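Printed here is start-v7.txt (compact mmCIF, C-alpha atoms and all ligand atoms):
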```txt
# COMPACT_ATOMS: atom_id res chain seq x y z
CA MET A 1 -36.27 -45.47 -5.47
CA ARG A 2 -32.57 -44.71 -4.97
CA THR A 3 -30.52 -44.50 -8.18
CA LYS A 4 -27.80 -47.17 -8.04
CA MET A 5 -24.33 -45.75 -8.50
CA LEU A 6 -21.52 -47.69 -10.18
CA ALA A 7 -18.39 -45.65 -9.56
CA GLY A 8 -14.91 -46.56 -10.78
CA ASN A 9 -12.01 -45.23 -8.72
CA TRP A 10 -8.96 -45.41 -10.95
CA LYS A 11 -6.54 -44.31 -8.22
CA MET A 12 -3.13 -43.38 -9.76
CA ASN A 13 -3.77 -45.12 -13.09
CA ASN A 14 -4.53 -43.91 -16.64
CA GLY A 15 -2.97 -40.75 -18.04
CA GLY A 16 -4.78 -38.46 -20.47
CA ALA A 17 -4.49 -40.66 -23.58
CA ALA A 18 -5.57 -43.87 -21.83
CA THR A 19 -8.46 -41.97 -20.20
CA LYS A 20 -9.67 -40.62 -23.54
CA ASP A 21 -9.61 -44.15 -25.06
CA PHE A 22 -11.41 -45.67 -22.08
CA ILE A 23 -14.20 -43.06 -22.06
CA THR A 24 -14.64 -43.26 -25.84
CA ASN A 25 -14.82 -47.08 -25.74
CA LEU A 26 -17.24 -47.05 -22.82
CA GLU A 27 -19.53 -44.59 -24.62
CA ASN A 28 -19.35 -46.85 -27.71
CA TRP A 29 -20.40 -49.78 -25.57
CA PHE A 30 -23.38 -47.77 -24.29
CA SER A 31 -24.43 -46.86 -27.82
CA LYS A 32 -23.73 -50.10 -29.73
CA ASP A 33 -23.70 -53.21 -27.52
CA PRO A 34 -27.20 -54.57 -26.68
CA VAL A 35 -26.41 -54.76 -22.93
CA GLY A 36 -24.72 -51.37 -23.17
CA LYS A 37 -27.86 -49.89 -24.75
CA LYS A 38 -29.98 -51.32 -21.93
CA SER A 39 -27.54 -49.79 -19.46
CA ALA A 40 -27.74 -46.40 -21.22
CA ALA A 41 -31.56 -46.60 -20.99
CA ALA A 42 -31.21 -47.39 -17.26
CA VAL A 43 -29.05 -44.26 -16.88
CA SER A 44 -31.69 -42.17 -18.71
CA SER A 45 -34.47 -43.48 -16.47
CA LYS A 46 -32.28 -42.77 -13.39
CA ALA A 47 -32.25 -46.44 -12.37
CA ILE A 48 -28.45 -46.36 -12.43
CA GLU A 49 -25.68 -43.76 -12.56
CA VAL A 50 -22.17 -44.44 -13.91
CA VAL A 51 -19.22 -42.49 -12.52
CA VAL A 52 -15.51 -42.62 -13.32
CA ALA A 53 -12.85 -41.01 -11.07
CA PRO A 54 -9.60 -40.52 -13.01
CA PRO A 55 -6.46 -38.90 -11.54
CA PHE A 56 -6.55 -35.07 -11.48
CA THR A 57 -4.46 -34.64 -14.64
CA SER A 58 -6.81 -36.91 -16.63
CA ILE A 59 -10.07 -35.20 -15.60
CA GLU A 60 -10.01 -32.74 -18.51
CA SER A 61 -9.34 -35.59 -20.99
CA ALA A 62 -12.27 -37.53 -19.54
CA CYS A 63 -14.59 -34.51 -19.72
CA SER A 64 -13.61 -33.58 -23.26
CA ALA A 65 -13.76 -37.20 -24.51
CA LYS A 66 -17.34 -37.53 -23.26
CA GLN A 67 -19.93 -36.93 -25.99
CA THR A 68 -22.95 -37.63 -23.77
CA ASP A 69 -23.98 -37.35 -20.13
CA ILE A 70 -24.12 -41.10 -19.57
CA ILE A 71 -20.81 -41.11 -17.68
CA GLN A 72 -20.24 -38.64 -14.83
CA ILE A 73 -16.75 -37.66 -13.74
CA ALA A 74 -15.48 -37.58 -10.15
CA ALA A 75 -12.27 -36.34 -8.56
CA GLN A 76 -10.47 -38.65 -6.14
CA ASN A 77 -9.76 -35.93 -3.58
CA VAL A 78 -10.33 -32.21 -2.93
CA TYR A 79 -8.80 -29.43 -0.87
CA HIS A 80 -11.17 -27.35 1.24
CA LYS A 81 -9.73 -23.87 0.47
CA PRO A 82 -10.79 -22.25 -2.84
CA LYS A 83 -7.30 -20.95 -3.78
CA GLY A 84 -4.00 -19.79 -2.38
CA ALA A 85 -0.63 -21.01 -1.15
CA PHE A 86 -1.41 -24.73 -0.85
CA THR A 87 1.22 -26.39 -3.03
CA GLY A 88 0.12 -29.69 -4.52
CA GLU A 89 -3.58 -29.27 -3.76
CA VAL A 90 -6.57 -28.90 -6.12
CA SER A 91 -9.59 -26.77 -5.20
CA LEU A 92 -13.31 -27.26 -5.69
CA PRO A 93 -13.69 -24.31 -8.12
CA MET A 94 -10.99 -25.97 -10.27
CA LEU A 95 -12.83 -29.30 -10.19
CA GLU A 96 -16.13 -27.58 -11.05
CA GLU A 97 -14.50 -25.80 -13.98
CA ALA A 98 -12.96 -29.07 -15.19
CA GLY A 99 -16.43 -30.67 -15.22
CA CYS A 100 -16.55 -32.91 -12.13
CA LYS A 101 -19.95 -33.81 -10.76
CA TYR A 102 -18.59 -35.71 -7.74
CA ALA A 103 -15.52 -35.88 -5.53
CA ILE A 104 -14.43 -38.86 -3.45
CA ILE A 105 -13.56 -37.72 0.08
CA GLY A 106 -11.82 -39.77 2.77
CA HIS A 107 -10.87 -42.81 0.71
CA SER A 108 -9.02 -45.25 2.94
CA GLU A 109 -5.76 -44.49 1.11
CA ARG A 110 -6.23 -40.78 1.95
CA ARG A 111 -6.93 -41.67 5.58
CA HIS A 112 -4.27 -44.34 6.10
CA VAL A 113 -1.50 -43.64 3.56
CA PHE A 114 -1.70 -39.83 3.62
CA GLY A 115 -2.83 -39.42 7.22
CA GLU A 116 -6.01 -37.40 6.64
CA SER A 117 -7.90 -37.07 9.92
CA ASN A 118 -11.63 -36.97 10.61
CA GLU A 119 -11.24 -33.19 11.15
CA ASP A 120 -9.54 -32.76 7.73
CA LEU A 121 -12.31 -34.75 6.09
CA GLU A 122 -15.06 -32.80 7.82
CA LYS A 123 -13.60 -29.60 6.32
CA LYS A 124 -13.45 -31.20 2.87
CA LEU A 125 -17.04 -32.45 3.15
CA ILE A 126 -18.39 -29.05 4.21
CA ALA A 127 -16.46 -27.22 1.46
CA THR A 128 -17.69 -29.71 -1.14
CA LEU A 129 -21.29 -29.27 -0.05
CA GLU A 130 -20.88 -25.52 -0.44
CA SER A 131 -19.69 -26.02 -4.06
CA ARG A 132 -21.48 -27.52 -7.04
CA VAL A 133 -19.50 -30.76 -6.65
CA LEU A 134 -21.21 -33.57 -4.72
CA PRO A 135 -19.35 -35.70 -2.16
CA ILE A 136 -18.86 -39.46 -2.12
CA PHE A 137 -17.72 -39.75 1.50
CA CYS A 138 -15.83 -42.93 2.41
CA VAL A 139 -15.84 -44.70 5.76
CA GLY A 140 -14.66 -48.10 6.89
CA GLU A 141 -12.76 -50.03 9.52
CA LEU A 142 -9.31 -51.64 9.59
CA LEU A 143 -9.03 -55.41 9.98
CA GLU A 144 -7.95 -55.15 13.63
CA GLU A 145 -10.92 -52.86 14.35
CA ARG A 146 -13.31 -55.43 12.85
CA GLU A 147 -11.63 -58.33 14.64
CA SER A 148 -11.83 -56.55 17.98
CA GLY A 149 -15.58 -55.98 17.46
CA ASN A 150 -15.22 -52.24 16.87
CA MET A 151 -16.61 -51.88 13.33
CA LYS A 152 -19.68 -49.92 14.48
CA LYS A 153 -17.64 -47.74 16.84
CA VAL A 154 -15.34 -46.75 13.95
CA LEU A 155 -18.32 -45.88 11.73
CA ASP A 156 -19.85 -43.89 14.60
CA THR A 157 -16.68 -41.82 14.97
CA GLN A 158 -16.07 -41.28 11.26
CA LEU A 159 -19.67 -40.28 10.59
CA GLU A 160 -20.24 -38.26 13.76
CA SER A 161 -17.51 -35.80 12.85
CA ALA A 162 -18.49 -35.73 9.18
CA TRP A 163 -22.18 -35.23 9.85
CA ARG A 164 -22.21 -32.96 12.85
CA SER A 165 -22.92 -29.74 10.95
CA LEU A 166 -25.09 -31.15 8.14
CA THR A 167 -28.84 -30.72 7.81
CA SER A 168 -31.46 -33.34 6.93
CA ASP A 169 -32.09 -31.79 3.49
CA VAL A 170 -28.43 -31.85 2.56
CA VAL A 171 -28.09 -35.49 3.60
CA ALA A 172 -31.21 -36.42 1.66
CA ASP A 173 -30.28 -34.66 -1.57
CA MET A 174 -26.53 -34.32 -1.83
CA VAL A 175 -24.54 -36.89 0.13
CA VAL A 176 -23.35 -40.33 -0.98
CA ILE A 177 -21.62 -42.54 1.61
CA ALA A 178 -19.27 -45.34 0.56
CA TYR A 179 -18.70 -48.12 3.09
CA GLU A 180 -15.27 -49.51 2.27
CA PRO A 181 -13.79 -51.86 4.85
CA VAL A 182 -10.05 -51.24 4.62
CA TRP A 183 -9.23 -54.96 4.78
CA ALA A 184 -11.27 -55.54 1.61
CA ILE A 185 -9.72 -52.79 -0.54
CA GLY A 186 -7.33 -54.12 -3.17
CA THR A 187 -6.93 -57.42 -1.30
CA GLY A 188 -9.27 -59.69 -3.26
CA GLN A 189 -11.03 -60.33 0.06
CA THR A 190 -14.55 -58.98 -0.54
CA ALA A 191 -16.85 -58.55 2.44
CA SER A 192 -19.60 -61.18 2.44
CA ASP A 193 -23.00 -59.95 1.28
CA ASP A 194 -24.20 -60.18 4.90
CA ASP A 195 -21.26 -58.25 6.35
CA ALA A 196 -21.53 -55.54 3.69
CA GLU A 197 -25.31 -55.26 4.22
CA ASP A 198 -24.91 -55.24 8.00
CA ALA A 199 -22.55 -52.24 7.85
CA CYS A 200 -24.65 -50.36 5.25
CA ASP A 201 -27.81 -51.00 7.28
CA TYR A 202 -25.99 -49.63 10.34
CA ILE A 203 -25.01 -46.47 8.44
CA ARG A 204 -28.64 -45.97 7.35
CA THR A 205 -29.78 -46.44 10.95
CA LEU A 206 -27.33 -43.76 12.10
CA ALA A 207 -28.68 -41.45 9.39
CA TYR A 208 -32.24 -42.20 10.54
CA GLU A 209 -31.40 -41.41 14.18
CA LYS A 210 -29.69 -38.13 13.30
CA PHE A 211 -31.65 -36.84 10.30
CA GLY A 212 -34.99 -38.70 10.22
CA VAL A 213 -36.73 -41.04 7.86
CA THR A 214 -36.79 -38.93 4.67
CA SER A 215 -33.04 -38.44 4.74
CA SER A 216 -32.20 -42.01 5.67
CA ASP A 217 -34.51 -43.34 2.95
CA SER A 218 -32.95 -41.07 0.32
CA LEU A 219 -29.30 -41.47 1.36
CA ARG A 220 -27.27 -43.51 -1.12
CA ILE A 221 -24.83 -45.95 0.48
CA LEU A 222 -22.25 -47.73 -1.68
CA TYR A 223 -20.12 -50.76 -0.86
CA GLY A 224 -16.48 -50.88 -1.98
CA GLY A 225 -13.75 -53.47 -1.53
CA SER A 226 -12.61 -56.02 -4.13
CA VAL A 227 -15.82 -55.79 -6.15
CA LYS A 228 -15.69 -57.79 -9.37
CA PRO A 229 -18.21 -59.05 -11.94
CA GLU A 230 -18.53 -62.33 -9.99
CA ASN A 231 -19.75 -60.67 -6.76
CA SER A 232 -21.36 -57.41 -7.89
CA ALA A 233 -24.93 -58.66 -8.50
CA SER A 234 -25.34 -60.23 -5.07
CA LEU A 235 -23.90 -57.17 -3.32
CA LEU A 236 -26.26 -54.92 -5.30
CA ALA A 237 -29.19 -57.14 -4.33
CA GLN A 238 -28.76 -56.21 -0.65
CA ARG A 239 -31.46 -53.91 0.72
CA ASP A 240 -29.17 -51.13 1.93
CA ILE A 241 -26.50 -51.25 -0.80
CA ASP A 242 -27.23 -48.59 -3.41
CA GLY A 243 -24.20 -49.04 -5.56
CA LEU A 244 -20.54 -49.95 -5.70
CA LEU A 245 -17.22 -48.12 -5.52
CA ILE A 246 -14.91 -50.18 -7.68
CA GLY A 247 -11.12 -49.89 -7.76
CA GLY A 248 -9.10 -52.51 -9.67
CA ALA A 249 -12.01 -53.95 -11.64
CA SER A 250 -12.93 -50.51 -13.01
CA LEU A 251 -9.60 -50.29 -14.86
CA ASP A 252 -10.61 -53.12 -17.15
CA ALA A 253 -13.39 -52.05 -19.56
CA ASP A 254 -14.86 -55.53 -19.82
CA SER A 255 -15.07 -55.99 -16.02
CA PHE A 256 -16.47 -52.51 -15.49
CA GLU A 257 -19.13 -53.07 -18.18
CA LYS A 258 -20.09 -56.42 -16.61
CA ILE A 259 -20.43 -54.75 -13.21
CA ILE A 260 -22.61 -51.98 -14.70
CA ALA A 261 -24.76 -54.63 -16.40
CA SER A 262 -25.14 -56.53 -13.12
CA ALA A 263 -27.09 -53.56 -11.74
CA LEU A 264 -29.80 -53.83 -14.43
C1 LIG B 301 -11.30 -48.55 -4.01
O1 LIG B 301 -10.26 -48.10 -4.46
O2 LIG B 301 -12.14 -47.76 -3.54
C2 LIG B 301 -11.53 -49.99 -4.02
C3 LIG B 301 -12.61 -50.45 -3.47
O3 LIG B 301 -10.57 -50.77 -4.61
P1 LIG B 301 -10.73 -52.33 -5.04
O4 LIG B 301 -12.04 -52.47 -5.75
O5 LIG B 301 -9.56 -52.58 -5.94
O6 LIG B 301 -10.70 -53.13 -3.79
```
Would it be possible to restate this file's structure as structure tokens?
Ligand code: PEP
Amino acid sequence: MRTKMLAGNWKMNNGGAATKDFITNLENWFSKDPVGKKSAAAVSSKAIEVVVAPPFTSIESACSAKQTDIIQIAAQNVYHKPKGAFTGEVSLPMLEEAGCKYAIIGHSERRHVFGESNEDLEKKLIATLESRVLPIFCVGELLEERESGNMKKVLDTQLESAWRSLTSDVVADMVVIAYEPVWAIGTGQTASDDDAEDACDYIRTLAYEKFGVTSSDSLRILYGGSVKPENSASLLAQRDIDGLLIGGASLDADSFEKIIASAL
């Protein structure tokens, strides 16, 4: 059974104080609210995993506010070099020291707003896999690529370069893929359950062809793009969707808690 991941990507929102409050309140919900307690039990039994990705400057606040291991912390980006003259970048040893379990790599805003290429992201993925931080690697097509029938071709290209030097064991044990169609991110236009499942099934098929059945069966594939409490349960019910990467709705504690509860 693949542990379902509910991961909140806060993007450039929530400074240190707001992060501390959010994490404290979420841990209170896990310990006091009846649905929260059920969710905490689901985390303990590895049925679900809850992850929050604050901005870099709020990671330490998140890690020090946490009193338990129910919530895991992710970075939103990494740089592939361990240290040196790379102004503005943050390295994997720094993220490890701060307490991150995961790092999001290749989010559509990194690809399309900041111009990160498949080659850049391959370097980040390899460096992350060589560290103690685990990657949540994002892929997904633009609207025009979907409308011209090229969704699968885009996924082929993004994954081919990311995966070319990985081994079956690494894919089975360490990699999480997030399918996030760019046209669905922050637009309110969620992919239909069928479209999301179709893409996630395709990603699993690619993993099967390249790495074999054990890896493709173990690989966790998330869907992201305008997830909210109203659509999370039906997305999570799809065979190949093993969790959700949630932007806007993860900033609101009530919505995020409802989405976590929808995975129970
Ligand atoms: C995201 O930032 O990864 C995302 C999916 O955002 P939203 O849920 O707001 O569409």
Taking 5 positions as the minimum chain separation for residues in the same chain, which residues sit within 10 Å of Gly99 (chain A) when counting all atoms listed in the file? Answer as a ChimeraX atom specification. /A:59-60,62-64,72-75,93-94,133
Taking all atoms listed in the file into account, list the residues no farther than 9 Å from ligand LIG 301 (chain B), as a ChimeraX atom specification. /A:7-11,107-109,138,178,180-190,223-228,244-250
Residues within 9 Å of Met12 (chain A), please, as a PyMOL selection string. Count all atoms listed in the file; anything in the same chain fewer than 3 positions from it doesn't count. chain A and resi 15+54-55
Output file for the residues above (C-alpha atoms, as a CSV table (one decimal), in the coordinates of the input):
```csv
chain,number,residue,atom,x,y,z
A,15,GLY,CA,-3.0,-40.8,-18.0
A,54,PRO,CA,-9.6,-40.5,-13.0
A,55,PRO,CA,-6.5,-38.9,-11.5
```
Check the smallest atom-to-atom distance from each of A:Arg146, A:Lys124, A:Lys46, A:Lys38 to Lys81 (chain A) using all atoms listed in the file, then report the winner.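 Closest to Lys81 (chain A) of all the choices is A:Lys124.
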Would you work out the distance separating CA of Ile126 (chain A) from CA of Lys4 (chain A), expressed in Å to one decimal?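 Separating CA of Ile126 (chain A) from CA of Lys4 (chain A) is a distance of 23.8 Å.
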If we count all atoms listed in the file and set the cut-off at 12 Å, which residues sit around Ser44 (chain A), ignoring sequence neighbours fewer than 2 positions away in its own chain? Please answer as number ranges by chain. A: 3, 30, 37-42, 46-50, 68-71
Counting only C-alpha atoms, which residues come within 7 Å of (-16.4, -42.4, -22.5), with the point read in the file's coordinates, and could you list them as a count of residues only? 9
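The environment of Asp173 (chain A) within 10 Å, counting all atoms listed in the file and disregarding residues fewer than 3 places along the same chain, consists of Leu134, Ser168, Asp169, Val170, Val176, Thr214, Ser215, Ser218, Leu219 and Arg220 of chain A.
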Scan for residues within 9 Å of the point (-10.5, -27.6, -3.8) in the coordinates of the file, using all atoms listed in the file, and reply as number ranges by chain. A: 77-83, 89-95, 124, 127-128
Neighbouring residues of region 230-233 of chain A were defined as those with any atom within 7 Å, considering all atoms listed in the file; residues of the same chain fewer than 3 positions away were excluded. Please report them as an MDAnalysis selection string. chainID A and resid 227 236:237 259 262:263
For CA of Leu143 (chain A) and CA of Tyr179 (chain A), quote the distance in Å rounded to one decimal.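 Between these atoms lies a distance of 13.9 Å.
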Could you check which of A:Ala253, A:Asp217, A:Leu125, A:Lys258 is closest to Met1 (chain A), using all atoms listed in the file?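 So, comparing all the options, the nearest one is A:Asp217.
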Between CA of Gly106 (chain A) and CA of Asp120 (chain A), what is the spacing in Å?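 The value is 8.9 Å.
Comparing the minimum interatomic distances between Asp252 (chain A) and each of A:Arg2, A:Phe86, A:Asn14, A:Leu159, counting only C-alpha atoms, we find that A:Asn14 sits nearest.
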Taking only C-alpha atoms into account, name the residue in A:Ser148, A:Pro229, A:Ile104, A:Gln158 that is nearest to Asp254 (chain A). A:Pro229
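Comparing the minimum interatomic distances between Lys210 (chain A) and each of A:Asp156, A:Glu122, A:Glu144, A:Asp21, counting all atoms listed in the file, we find that A:Asp156 sits nearest.
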Where's the centre, and what are the edge lengths in Å to one decimal, of a box along x, y and z enclosing all listed atoms of region 216-231 of chain A padded 3 Å per side, as AutoDock Vina command-line options?
```
--center_x -23.6 --center_y -51.7 --center_z -3.1 --size_x 27.9 --size_y 27.3 --size_z 23.6
```
Could you check the closest approach to Gly212 (chain A) for each of A:Met151, A:Ala172, A:Met5, A:Leu129 and tell me which residue wins, using all atoms listed in the file?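 Smallest separation from Gly212 (chain A) among the options: A:Ala172.
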Extract region 146-257 of chain A from the preceding block and save C-alpha atoms as a short mmCIF file (atom, residue, chain, number, x, y, z; two decimals), in the first residue's frame.
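And here is the file that came out, part-v9.cif:
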```cif
data_model
loop_
_atom_site.label_atom_id
_atom_site.label_comp_id
_atom_site.auth_asym_id
_atom_site.auth_seq_id
_atom_site.Cartn_x
_atom_site.Cartn_y
_atom_site.Cartn_z
CA ARG A 146 -2.79 19.74 -23.75
CA GLU A 147 -5.01 21.31 -26.41
CA SER A 148 -2.63 20.28 -29.18
CA GLY A 149 -2.70 16.68 -27.91
CA ASN A 150 0.85 16.79 -26.55
CA MET A 151 0.30 16.10 -22.84
CA LYS A 152 2.01 12.68 -22.97
CA LYS A 153 4.88 14.01 -25.09
CA VAL A 154 5.57 16.72 -22.49
CA LEU A 155 5.55 14.17 -19.65
CA ASP A 156 7.87 11.92 -21.70
CA THR A 157 10.38 14.74 -22.13
CA GLN A 158 10.23 16.02 -18.55
CA LEU A 159 10.57 12.54 -17.07
CA GLU A 160 13.10 11.18 -19.55
CA SER A 161 15.67 13.78 -18.59
CA ALA A 162 14.85 13.54 -14.89
CA TRP A 163 14.97 9.76 -14.79
CA ARG A 164 17.78 8.92 -17.14
CA SER A 165 20.41 8.30 -14.47
CA LEU A 166 18.18 6.87 -11.73
CA THR A 167 18.02 3.23 -10.67
CA SER A 168 14.95 1.10 -9.97
CA ASP A 169 15.66 1.02 -6.21
CA VAL A 170 15.91 4.77 -5.96
CA VAL A 171 12.64 5.25 -7.84
CA ALA A 172 10.92 2.67 -5.65
CA ASP A 173 12.09 4.04 -2.31
CA MET A 174 12.87 7.72 -2.63
CA VAL A 175 11.06 9.52 -5.43
CA VAL A 176 7.65 11.23 -5.36
CA ILE A 177 6.28 12.62 -8.63
CA ALA A 178 3.66 15.39 -8.66
CA TYR A 179 1.56 15.71 -11.81
CA GLU A 180 0.52 19.35 -11.93
CA PRO A 181 -1.04 20.51 -15.19
CA VAL A 182 0.03 24.15 -15.46
CA TRP A 183 -3.44 25.27 -16.60
CA ALA A 184 -4.92 23.96 -13.34
CA ILE A 185 -2.48 25.64 -10.92
CA GLY A 186 -3.99 28.61 -9.11
CA THR A 187 -6.75 28.95 -11.72
CA GLY A 188 -9.67 27.26 -9.95
CA GLN A 189 -9.85 24.96 -12.98
CA THR A 190 -9.14 21.51 -11.49
CA ALA A 191 -8.43 18.63 -13.87
CA SER A 192 -11.35 16.21 -13.98
CA ASP A 193 -10.85 12.99 -12.02
CA ASP A 194 -10.51 11.13 -15.34
CA ASP A 195 -7.94 13.54 -16.80
CA ALA A 196 -5.89 13.53 -13.58
CA GLU A 197 -6.02 9.72 -13.38
CA ASP A 198 -5.17 9.36 -17.07
CA ALA A 199 -1.98 11.41 -16.65
CA CYS A 200 -0.97 9.70 -13.37
CA ASP A 201 -1.61 6.28 -14.93
CA TYR A 202 0.60 7.32 -17.86
CA ILE A 203 3.40 8.35 -15.49
CA ARG A 204 3.17 4.97 -13.72
CA THR A 205 3.29 3.19 -17.08
CA LEU A 206 6.46 5.11 -17.99
CA ALA A 207 7.97 4.10 -14.63
CA TYR A 208 6.99 0.47 -15.30
CA GLU A 209 8.61 0.50 -18.75
CA LYS A 210 11.84 2.03 -17.47
CA PHE A 211 12.21 0.59 -13.97
CA GLY A 212 9.94 -2.48 -13.73
CA VAL A 213 6.95 -3.50 -11.70
CA THR A 214 8.35 -3.13 -8.16
CA SER A 215 9.35 0.47 -8.75
CA SER A 216 6.19 1.45 -10.60
CA ASP A 217 4.02 -0.15 -7.89
CA SER A 218 5.90 1.68 -5.13
CA LEU A 219 6.21 5.08 -6.83
CA ARG A 220 4.01 7.74 -5.26
CA ILE A 221 2.31 10.04 -7.77
CA LEU A 222 0.49 13.15 -6.54
CA TYR A 223 -1.99 15.36 -8.38
CA GLY A 224 -1.85 19.14 -7.96
CA GLY A 225 -3.89 21.96 -9.44
CA SER A 226 -6.74 23.82 -7.71
CA VAL A 227 -7.36 21.07 -5.18
CA LYS A 228 -9.95 22.02 -2.56
CA PRO A 229 -12.04 20.19 0.05
CA GLU A 230 -14.86 19.80 -2.52
CA ASN A 231 -12.76 17.81 -5.02
CA SER A 232 -10.04 16.16 -2.93
CA ALA A 233 -11.87 12.92 -2.01
CA SER A 234 -12.75 11.99 -5.59
CA LEU A 235 -9.22 12.76 -6.82
CA LEU A 236 -7.77 10.63 -4.01
CA ALA A 237 -10.12 7.79 -4.94
CA GLN A 238 -8.41 7.40 -8.34
CA ARG A 239 -6.26 4.28 -8.66
CA ASP A 240 -3.01 6.01 -9.59
CA ILE A 241 -3.32 9.16 -7.46
CA ASP A 242 -1.38 8.71 -4.23
CA GLY A 243 -1.84 12.14 -2.78
CA LEU A 244 -2.26 15.82 -3.49
CA LEU A 245 0.00 18.85 -3.81
CA ILE A 246 -2.11 21.73 -2.60
CA GLY A 247 -1.34 25.41 -3.11
CA GLY A 248 -3.99 28.01 -2.21
CA ALA A 249 -6.19 25.69 -0.15
CA SER A 250 -3.25 24.73 2.10
CA LEU A 251 -2.98 28.33 3.35
CA ASP A 252 -6.32 28.07 5.08
CA ALA A 253 -6.15 25.72 8.11
CA ASP A 254 -9.78 24.66 7.82
CA SER A 255 -9.48 23.76 4.11
CA PHE A 256 -6.18 21.96 4.63
CA GLU A 257 -7.63 19.95 7.54
#
```
